[in-house]
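Novice: Pasting structure-v2.txt here (compact mmCIF, C-alpha atoms):
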```txt
# COMPACT_ATOMS: atom_id res chain seq x y z
CA MET A 921 29.84 3.22 3.95
CA LYS A 922 29.08 6.64 2.48
CA LEU A 923 25.28 6.55 2.27
CA ILE A 924 22.60 5.07 4.55
CA ALA A 925 19.19 4.29 3.03
CA SER A 926 16.28 3.39 5.26
CA ASP A 927 12.74 2.22 4.66
CA LEU A 928 10.11 3.83 6.92
CA ASP A 929 7.20 1.59 8.00
CA GLY A 930 8.44 -1.46 9.85
CA THR A 931 12.00 -0.10 9.76
CA LEU A 932 12.77 3.47 10.85
CA LEU A 933 9.28 4.02 12.27
CA ASN A 934 7.86 2.25 15.30
CA GLU A 935 4.28 0.96 15.54
CA ASN A 936 3.06 4.49 16.26
CA SER A 937 4.64 5.76 13.01
CA LYS A 938 7.27 7.71 14.96
CA VAL A 939 11.06 7.97 14.68
CA SER A 940 12.48 7.11 18.09
CA ALA A 941 14.99 9.39 19.80
CA ALA A 942 17.61 6.62 19.55
CA ASN A 943 17.12 6.25 15.80
CA ALA A 944 17.20 10.00 15.22
CA HIS A 945 20.38 10.33 17.32
CA ALA A 946 22.15 7.54 15.42
CA ILE A 947 21.24 9.07 12.05
CA GLN A 948 22.58 12.46 13.14
CA LYS A 949 25.73 10.83 14.48
CA ALA A 950 26.38 9.22 11.10
CA MET A 951 25.65 12.46 9.25
CA ASP A 952 28.08 14.30 11.53
CA LYS A 953 30.76 11.88 10.32
CA GLY A 954 29.97 12.80 6.70
CA VAL A 955 27.69 9.83 5.90
CA LYS A 956 24.70 10.79 3.73
CA PHE A 957 21.20 9.66 4.68
CA VAL A 958 18.12 9.01 2.52
CA VAL A 959 14.66 7.60 3.19
CA VAL A 960 13.28 5.09 0.66
CA THR A 961 9.61 4.35 1.20
CA GLY A 962 6.32 3.25 -0.30
CA ARG A 963 4.67 6.35 1.20
CA SER A 964 3.92 9.61 -0.59
CA TYR A 965 6.26 12.57 -0.02
CA ASP A 966 4.11 14.39 2.54
CA ALA A 967 3.41 11.22 4.52
CA ALA A 968 7.11 10.34 4.51
CA ASN A 969 8.34 13.81 5.43
CA MET A 970 5.95 14.25 8.36
CA PRO A 971 7.65 11.90 10.89
CA LEU A 972 11.09 13.07 9.75
CA LYS A 973 10.28 16.72 10.41
CA GLU A 974 9.09 15.83 13.91
CA VAL A 975 12.66 14.81 14.85
CA GLY A 976 14.51 17.36 12.71
CA ILE A 977 15.74 15.01 9.98
CA LYS A 978 16.12 16.72 6.60
CA CYS A 979 17.21 14.46 3.76
CA PRO A 980 16.42 13.32 0.22
CA ILE A 981 13.32 11.11 0.06
CA ILE A 982 12.56 8.37 -2.47
CA THR A 983 8.81 7.76 -2.44
CA LEU A 984 6.16 5.35 -3.76
CA ASN A 985 8.67 2.49 -4.05
CA GLY A 986 10.93 4.50 -6.35
CA ALA A 987 8.37 6.19 -8.60
CA SER A 988 9.28 9.67 -7.34
CA SER A 989 12.49 10.99 -5.80
CA PHE A 990 13.01 14.34 -4.09
CA ASP A 991 16.11 16.25 -3.05
CA ILE A 992 16.70 17.63 0.42
CA ASP A 993 14.57 20.69 -0.40
CA GLY A 994 11.64 18.71 -1.80
CA ASN A 995 12.42 19.28 -5.49
CA VAL A 996 11.50 16.41 -7.84
CA LEU A 997 14.48 14.40 -9.12
CA ARG A 998 12.71 11.34 -10.55
CA ASP A 999 9.21 10.83 -11.91
CA ILE A 1000 8.09 7.38 -13.15
CA PRO A 1001 4.27 7.08 -13.49
CA MET A 1002 2.48 3.95 -14.67
CA ASP A 1003 0.89 3.62 -18.10
CA LYS A 1004 -2.82 4.36 -17.74
CA SER A 1005 -3.91 1.30 -19.70
CA VAL A 1006 -1.83 -0.87 -17.37
CA CYS A 1007 -3.40 0.86 -14.35
CA LYS A 1008 -6.86 -0.03 -15.59
CA LYS A 1009 -5.93 -3.70 -16.10
CA VAL A 1010 -4.46 -3.85 -12.61
CA TYR A 1011 -7.47 -2.18 -11.02
CA THR A 1012 -9.88 -4.45 -12.90
CA ALA A 1013 -8.08 -7.56 -11.67
CA CYS A 1014 -8.05 -6.25 -8.09
CA HIS A 1015 -11.72 -5.27 -8.28
CA ASN A 1016 -12.71 -8.68 -9.65
CA GLY A 1017 -10.66 -10.28 -6.88
CA GLU A 1018 -12.58 -8.21 -4.31
CA MET A 1019 -9.42 -6.41 -3.19
CA TYR A 1020 -9.64 -2.92 -1.75
CA THR A 1021 -7.47 -0.56 -3.84
CA GLU A 1022 -5.90 2.87 -3.38
CA PHE A 1023 -4.32 5.08 -6.06
CA PHE A 1024 -1.25 7.22 -5.37
CA THR A 1025 -1.14 10.05 -7.91
CA ASN A 1026 0.32 13.49 -8.62
CA LYS A 1027 -3.00 14.86 -7.33
CA GLY A 1028 -2.93 12.93 -4.05
CA LEU A 1029 -4.25 9.62 -2.76
CA PHE A 1030 -7.65 8.37 -3.96
CA SER A 1031 -9.98 5.74 -2.54
CA PHE A 1032 -13.57 4.66 -3.23
CA GLY A 1033 -15.76 6.18 -0.51
CA ARG A 1034 -14.93 6.79 3.16
CA ASN A 1035 -17.34 4.11 4.45
CA ARG A 1036 -15.94 1.53 2.05
CA PHE A 1037 -12.42 2.54 3.11
CA ILE A 1038 -13.23 2.05 6.81
CA GLU A 1039 -15.14 -1.19 6.19
CA ARG A 1040 -12.38 -2.81 4.14
CA MET A 1041 -9.55 -1.61 6.36
CA THR A 1042 -11.40 -2.90 9.44
CA SER A 1043 -11.82 -6.28 7.77
CA TRP A 1044 -8.14 -6.31 6.76
CA TRP A 1045 -6.89 -5.44 10.24
CA LYS A 1046 -9.04 -8.20 11.77
CA THR A 1047 -7.46 -10.65 9.34
CA VAL A 1048 -3.90 -9.46 9.94
CA ASN A 1049 -4.25 -9.09 13.73
CA PRO A 1050 -7.27 -11.05 15.00
CA ASN A 1051 -6.36 -10.17 18.61
CA PHE A 1052 -6.83 -6.44 18.02
CA THR A 1053 -9.81 -4.86 19.76
CA ASP A 1054 -12.24 -2.65 17.83
CA GLU A 1055 -10.72 0.37 19.56
CA GLU A 1056 -7.21 -0.59 18.48
CA ILE A 1057 -8.38 -1.09 14.89
CA ASN A 1058 -10.11 2.29 14.90
CA GLN A 1059 -6.88 3.88 16.12
CA LYS A 1060 -4.94 2.24 13.28
CA ILE A 1061 -7.46 3.52 10.72
CA GLU A 1062 -7.33 7.03 12.16
CA LEU A 1063 -3.53 6.87 11.98
CA ARG A 1064 -3.86 5.98 8.29
CA PHE A 1065 -5.91 9.15 7.75
CA GLN A 1066 -3.23 11.15 9.56
CA ASN A 1067 -0.38 9.63 7.53
CA GLU A 1068 -2.05 10.08 4.14
CA SER A 1069 -4.55 12.70 3.01
CA VAL A 1070 -7.19 10.52 1.34
CA GLN A 1071 -9.61 11.86 -1.30
CA PHE A 1072 -12.72 9.79 -1.90
CA ILE A 1073 -14.27 9.06 -5.31
CA GLU A 1074 -17.21 6.92 -6.45
CA ASP A 1075 -15.67 4.96 -9.33
CA TYR A 1076 -12.59 4.49 -11.50
CA GLU A 1077 -14.09 6.58 -14.31
CA GLN A 1078 -13.63 9.67 -12.14
CA LEU A 1079 -9.89 9.07 -12.18
CA GLU A 1080 -9.87 8.58 -15.94
CA ALA A 1081 -11.66 11.91 -16.39
CA MET A 1082 -9.03 13.91 -14.49
CA ASP A 1083 -6.76 16.05 -16.64
CA ASP A 1084 -3.00 15.50 -16.40
CA LEU A 1085 -3.41 12.72 -13.84
CA LYS A 1086 -0.34 10.55 -13.19
CA ILE A 1087 -0.79 7.31 -11.26
CA TYR A 1088 2.43 6.22 -9.58
CA LYS A 1089 1.29 3.30 -7.45
CA LEU A 1090 -1.71 1.11 -6.75
CA LEU A 1091 -1.94 -0.42 -3.28
CA SER A 1092 -4.41 -3.28 -2.79
CA PHE A 1093 -5.49 -5.29 0.25
CA ALA A 1094 -7.07 -8.75 0.19
CA ASP A 1095 -9.25 -10.28 2.89
CA ASP A 1096 -7.74 -13.73 2.51
CA GLU A 1097 -4.83 -15.68 1.00
CA GLU A 1098 -6.91 -17.12 -1.85
CA ARG A 1099 -7.90 -13.74 -3.32
CA HIS A 1100 -4.40 -12.37 -2.71
CA GLN A 1101 -2.80 -15.24 -4.64
CA GLN A 1102 -5.45 -15.15 -7.37
CA VAL A 1103 -4.79 -11.51 -8.24
CA TYR A 1104 -1.02 -11.94 -7.98
CA ASN A 1105 -1.09 -14.92 -10.37
CA GLU A 1106 -3.25 -13.02 -12.85
CA LEU A 1107 -0.94 -10.01 -12.98
CA LYS A 1108 2.56 -11.32 -12.24
CA ASP A 1109 3.50 -11.84 -15.90
CA LYS A 1110 1.85 -8.71 -17.30
CA THR A 1111 4.14 -6.23 -19.03
CA GLY A 1112 4.33 -2.67 -17.77
CA VAL A 1113 3.96 -3.47 -14.08
CA VAL A 1114 6.11 -4.72 -11.21
CA ILE A 1115 4.46 -6.25 -8.13
CA THR A 1116 5.84 -6.00 -4.61
CA SER A 1117 4.39 -6.07 -1.11
CA SER A 1118 4.86 -4.07 2.10
CA GLY A 1119 2.75 -6.25 4.38
CA TYR A 1120 0.57 -9.30 4.85
CA LEU A 1121 -2.16 -9.73 2.20
CA ASN A 1122 -1.26 -6.56 0.30
CA LEU A 1123 0.08 -6.01 -3.21
CA GLU A 1124 1.80 -2.90 -4.55
CA PHE A 1125 1.91 -2.13 -8.27
CA ASN A 1126 4.39 0.22 -9.96
CA HIS A 1127 6.07 0.90 -13.30
CA PRO A 1128 8.89 -1.68 -13.78
CA GLU A 1129 11.51 1.07 -13.41
CA ALA A 1130 9.87 2.38 -10.23
CA ILE A 1131 11.59 0.11 -7.74
CA LYS A 1132 13.56 1.14 -4.70
CA GLY A 1133 16.88 -0.31 -5.83
CA LEU A 1134 16.98 1.52 -9.16
CA ALA A 1135 15.88 4.82 -7.64
CA LEU A 1136 18.47 4.51 -4.86
CA ALA A 1137 21.25 3.65 -7.33
CA GLU A 1138 20.34 6.70 -9.43
CA LEU A 1139 20.37 8.98 -6.39
CA ALA A 1140 23.65 7.53 -5.11
CA LYS A 1141 25.28 8.04 -8.53
CA SER A 1142 24.20 11.70 -8.52
CA MET A 1143 26.06 12.02 -5.20
CA GLY A 1144 29.16 10.34 -6.63
CA ILE A 1145 28.58 7.25 -4.48
CA GLU A 1146 28.79 3.64 -5.68
CA MET A 1147 26.26 1.08 -4.45
CA LYS A 1148 29.04 -0.89 -2.76
CA ASP A 1149 29.34 2.05 -0.37
CA VAL A 1150 25.62 2.11 0.48
CA MET A 1151 23.99 0.56 3.54
CA SER A 1152 20.28 -0.07 3.15
CA MET A 1153 17.77 -1.24 5.78
CA GLY A 1154 14.32 -2.74 5.27
CA ASP A 1155 11.77 -5.27 6.39
CA ASN A 1156 9.53 -6.28 3.49
CA LEU A 1157 9.42 -7.36 -0.14
CA ASN A 1158 9.27 -3.87 -1.62
CA ASP A 1159 12.71 -3.33 0.00
CA LYS A 1160 14.26 -6.37 -1.67
CA SER A 1161 15.82 -4.61 -4.66
CA MET A 1162 17.65 -1.98 -2.60
CA LEU A 1163 18.83 -4.55 -0.06
CA GLU A 1164 20.24 -6.76 -2.82
CA MET A 1165 21.92 -3.88 -4.67
CA ALA A 1166 23.51 -2.23 -1.62
CA GLY A 1167 26.97 -3.16 -0.40
CA ARG A 1168 25.54 -3.64 3.09
CA GLY A 1169 21.94 -4.86 3.12
CA VAL A 1170 20.47 -5.02 6.63
CA ALA A 1171 17.30 -6.96 7.49
CA MET A 1172 15.21 -5.76 10.41
CA GLY A 1173 14.49 -8.16 13.26
CA ASN A 1174 10.84 -8.05 12.22
CA ALA A 1175 11.60 -8.60 8.52
CA ASP A 1176 9.85 -11.02 6.18
CA LYS A 1177 11.73 -14.34 5.99
CA GLU A 1178 12.64 -13.77 2.34
CA ILE A 1179 14.28 -10.48 3.31
CA VAL A 1180 16.15 -12.10 6.21
CA ASP A 1181 17.47 -14.77 3.86
CA ILE A 1182 18.93 -12.38 1.27
CA CYS A 1183 20.72 -10.09 3.76
CA ASN A 1184 24.19 -10.67 5.20
CA PHE A 1185 23.50 -8.26 8.04
CA HIS A 1186 20.67 -8.29 10.57
CA THR A 1187 19.52 -5.94 13.30
CA LYS A 1188 16.87 -5.60 16.01
CA THR A 1189 13.17 -4.93 15.35
CA ASN A 1190 11.65 -1.53 14.60
CA GLU A 1191 10.26 -1.54 18.15
CA GLU A 1192 13.78 -2.05 19.54
CA ASP A 1193 15.49 0.83 17.67
CA GLY A 1194 16.87 -1.56 15.08
CA VAL A 1195 17.96 1.25 12.77
CA ALA A 1196 20.06 2.82 15.53
CA PHE A 1197 21.63 -0.54 16.34
CA ALA A 1198 22.52 -1.17 12.67
CA ILE A 1199 24.02 2.30 12.25
CA GLU A 1200 26.10 2.01 15.43
CA GLU A 1201 27.42 -1.38 14.30
CA MET A 1202 28.39 0.06 10.92
CA LEU A 1203 30.07 3.12 12.47
CA LYS A 1204 32.12 0.89 14.79
CA GLU A 1205 33.34 -1.07 11.79
CA TYR A 1206 34.10 1.82 9.45
CA TYR A 1207 34.60 4.94 11.59
CA SER A 1208 36.06 3.85 14.95
```
Here is a file; write its structure as structure tokens.
Specialist:
Amino acid sequence: MKLIASDLDGTLLNENSKVSAANAHAIQKAMDKGVKFVVVTGRSYDAANMPLKEVGIKCPIITLNGASSFDIDGNVLRDIPMDKSVCKKVYTACHNGEMYTEFFTNKGLFSFGRNRFIERMTSWWKTVNPNFTDEEINQKIELRFQNESVQFIEDYEQLEAMDDLKIYKLLSFADDEERHQQVYNELKDKTGVVITSSGYLNLEFNHPEAIKGLALAELAKSMGIEMKDVMSMGDNLNDKSMLEMAGRGVAMGNADKEIVDICNFHTKTNEEDGVAFAIEEMLKEYYS
């Protein structure tokens, strides 16, 4: 293996959105042996780079599910925004389905009103983890504010009025399975959009070419590396393309069942330093 690609949330990061010492050590160990490392995430660049900087990891970063790629110095390598007419159709369907929606753009992350953000995220967390206390939910919401710098707007027309705006990803959350499935069914066959998911009851919308696998393959090619020599690690459906395309696809111990089923390699959970375990196993096989 010549290149390691890792997802962030649910994979490299623990539940506190931190890179553990064990994971950071294993990544450095691989890099010391000449193996390249790249992060491939649904996050924006700043939100992805923050936990990496905390442990001294400097690497290329593929963001927003493959819509934007950056080199080791933060220079843009890839830029795949969505068509604005497609964005409006997606938002309309999500709005009619009563899904809370966020917009990841070249001007930052936008949401509709801070109170609405807190209300919908509180409702979502109670659905996803009914055993969470109010205090735990508030901590999760505050962590979301820390991970992403959110700008609040009143309506979609404000986005349309912005000059030179590029929308790279829409992220929507449903309160229940029925609304989630309703919106997915309405949009799954629409041209100009690909739908993935990074968690329970959420949908992520990107340009069809803005998927992790294609972005990773493009970056690997620029490094002179074939996908058969890439190890990728992930836990959810937005990781599927890069896990399928890599020579060594590794499912986290906490991965969605569909991800577990498509991977020939499996590791521990993100709370058990699963990335470190997977890297050590690979190094034993290829570099011992």
Novice: For Val939 of chain A, which residue among A:Thr983, A:Asn1190, A:Asn1184, A:Gln1078 is the nearest when counting only C-alpha atoms?
Specialist: A:Asn1190
Novice: Would you mind telling me which residue in A:Thr931, A:Thr1021, A:Asn1016, A:Asn936 lies nearest to Thr961 of chain A when using only C-alpha atoms?
Specialist: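 Checking each candidate against Thr961 of chain A, we get A:Thr931 as the closest.
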Novice: Taking (-11.7, -7.2, -6.4) in the file's coordinates, which residues come within 10 Å, counting all atoms listed in the file, written as a list of chain:residue names?
Specialist: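 Looking at atoms near the point gives A:Tyr1011, A:Thr1012, A:Ala1013, A:Cys1014, A:His1015, A:Asn1016, A:Gly1017, A:Glu1018, A:Met1019, A:Tyr1020, A:Thr1021, A:Ser1092, A:Phe1093, A:Ala1094, A:Arg1099, A:His1100, A:Val1103.
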Novice: Please write the residues from the selection above to a file, keeping C-alpha atoms, as a PDB file, in the frame of the given file.
Specialist:
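The resulting file, out-v5.pdb, is shown below:
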```pdb
ATOM      1  CA  TYR A1011      -7.470  -2.180 -11.020  1.00  0.00           C
ATOM      2  CA  THR A1012      -9.880  -4.450 -12.900  1.00  0.00           C
ATOM      3  CA  ALA A1013      -8.080  -7.560 -11.670  1.00  0.00           C
ATOM      4  CA  CYS A1014      -8.050  -6.250  -8.090  1.00  0.00           C
ATOM      5  CA  HIS A1015     -11.720  -5.270  -8.280  1.00  0.00           C
ATOM      6  CA  ASN A1016     -12.710  -8.680  -9.650  1.00  0.00           C
ATOM      7  CA  GLY A1017     -10.660 -10.280  -6.880  1.00  0.00           C
ATOM      8  CA  GLU A1018     -12.580  -8.210  -4.310  1.00  0.00           C
ATOM      9  CA  MET A1019      -9.420  -6.410  -3.190  1.00  0.00           C
ATOM     10  CA  TYR A1020      -9.640  -2.920  -1.750  1.00  0.00           C
ATOM     11  CA  THR A1021      -7.470  -0.560  -3.840  1.00  0.00           C
ATOM     12  CA  SER A1092      -4.410  -3.280  -2.790  1.00  0.00           C
ATOM     13  CA  PHE A1093      -5.490  -5.290   0.250  1.00  0.00           C
ATOM     14  CA  ALA A1094      -7.070  -8.750   0.190  1.00  0.00           C
ATOM     15  CA  ARG A1099      -7.900 -13.740  -3.320  1.00  0.00           C
ATOM     16  CA  HIS A1100      -4.400 -12.370  -2.710  1.00  0.00           C
ATOM     17  CA  VAL A1103      -4.790 -11.510  -8.240  1.00  0.00           C
TER      18      VAL A1103
END
```
Novice: Need to verify the contact set: Gly1167 of chain A, 8 Å, all atoms listed in the file, exclusion of same-chain residues closer than 4 positions in sequence. Can you return it as a PyMOL selection string?
Specialist: chain A and resi 1147-1151
Novice: So which residues touch segment 950-959 of chain A within 10 Å, counting only C-alpha atoms, skipping near sequence neighbours fewer than 4 positions away, as a ChimeraX atom specification?
Specialist: /A:921-928,932,945-946,968-969,972,977-983,989-992,1136,1139-1140,1143,1145,1150-1153,1199-1200,1202-1203,1207
Novice: Using only C-alpha atoms, collect all residues at a distance of at most 12 Å from (-1.6, 10.5, -13.9) as written in the file, then present them as an NGL selection string.
Specialist: :A and (999-1008 or 1023-1030 or 1079-1090)
Novice: Which residues come within 6 Å of Met1162 of chain A, counting only C-alpha atoms, excluding same-chain residues fewer than 3 positions away, as a VMD selection string?
Specialist: chain A and resid 1132 to 1133 1159 1165 to 1166
Novice: Quick one: of A:Ser1069, A:Asn934, A:Asn943, A:Asn1035, who's nearest to Phe1197 of chain A, counting only C-alpha atoms?
Specialist: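 Result for the nearest residue to Phe1197 of chain A: A:Asn943.
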Novice: Calculated over only C-alpha atoms, which of the candidates A:Glu1191, A:Ser1117, A:Glu1098, A:Val1070 has the smallest distance to Phe1032 of chain A?
Specialist: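 With only C-alpha atoms as the atom set, the closest residue is A:Val1070.
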Novice: Please compute the atom CA of Lys1160 of chain A-atom CA of Asp1096 of chain A distance, one decimal, in Å.
Specialist: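 About the pair atom CA of Lys1160 of chain A and atom CA of Asp1096 of chain A: they are 23.6 Å apart.
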Novice: How many Å separate atom CA of Phe1037 of chain A from atom CA of Asn1156 of chain A?
Specialist: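 Taking atom CA of Phe1037 of chain A and atom CA of Asn1156 of chain A, their separation equals 23.7 Å.
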Novice: Using only C-alpha atoms, which residue out of A:Met970, A:Glu1138, A:Ile947, A:Tyr1120 lies closest to Asn1049 of chain A?
Specialist: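 Among A:Met970, A:Glu1138, A:Ile947, A:Tyr1120, it is A:Tyr1120 that comes nearest to Asn1049 of chain A.
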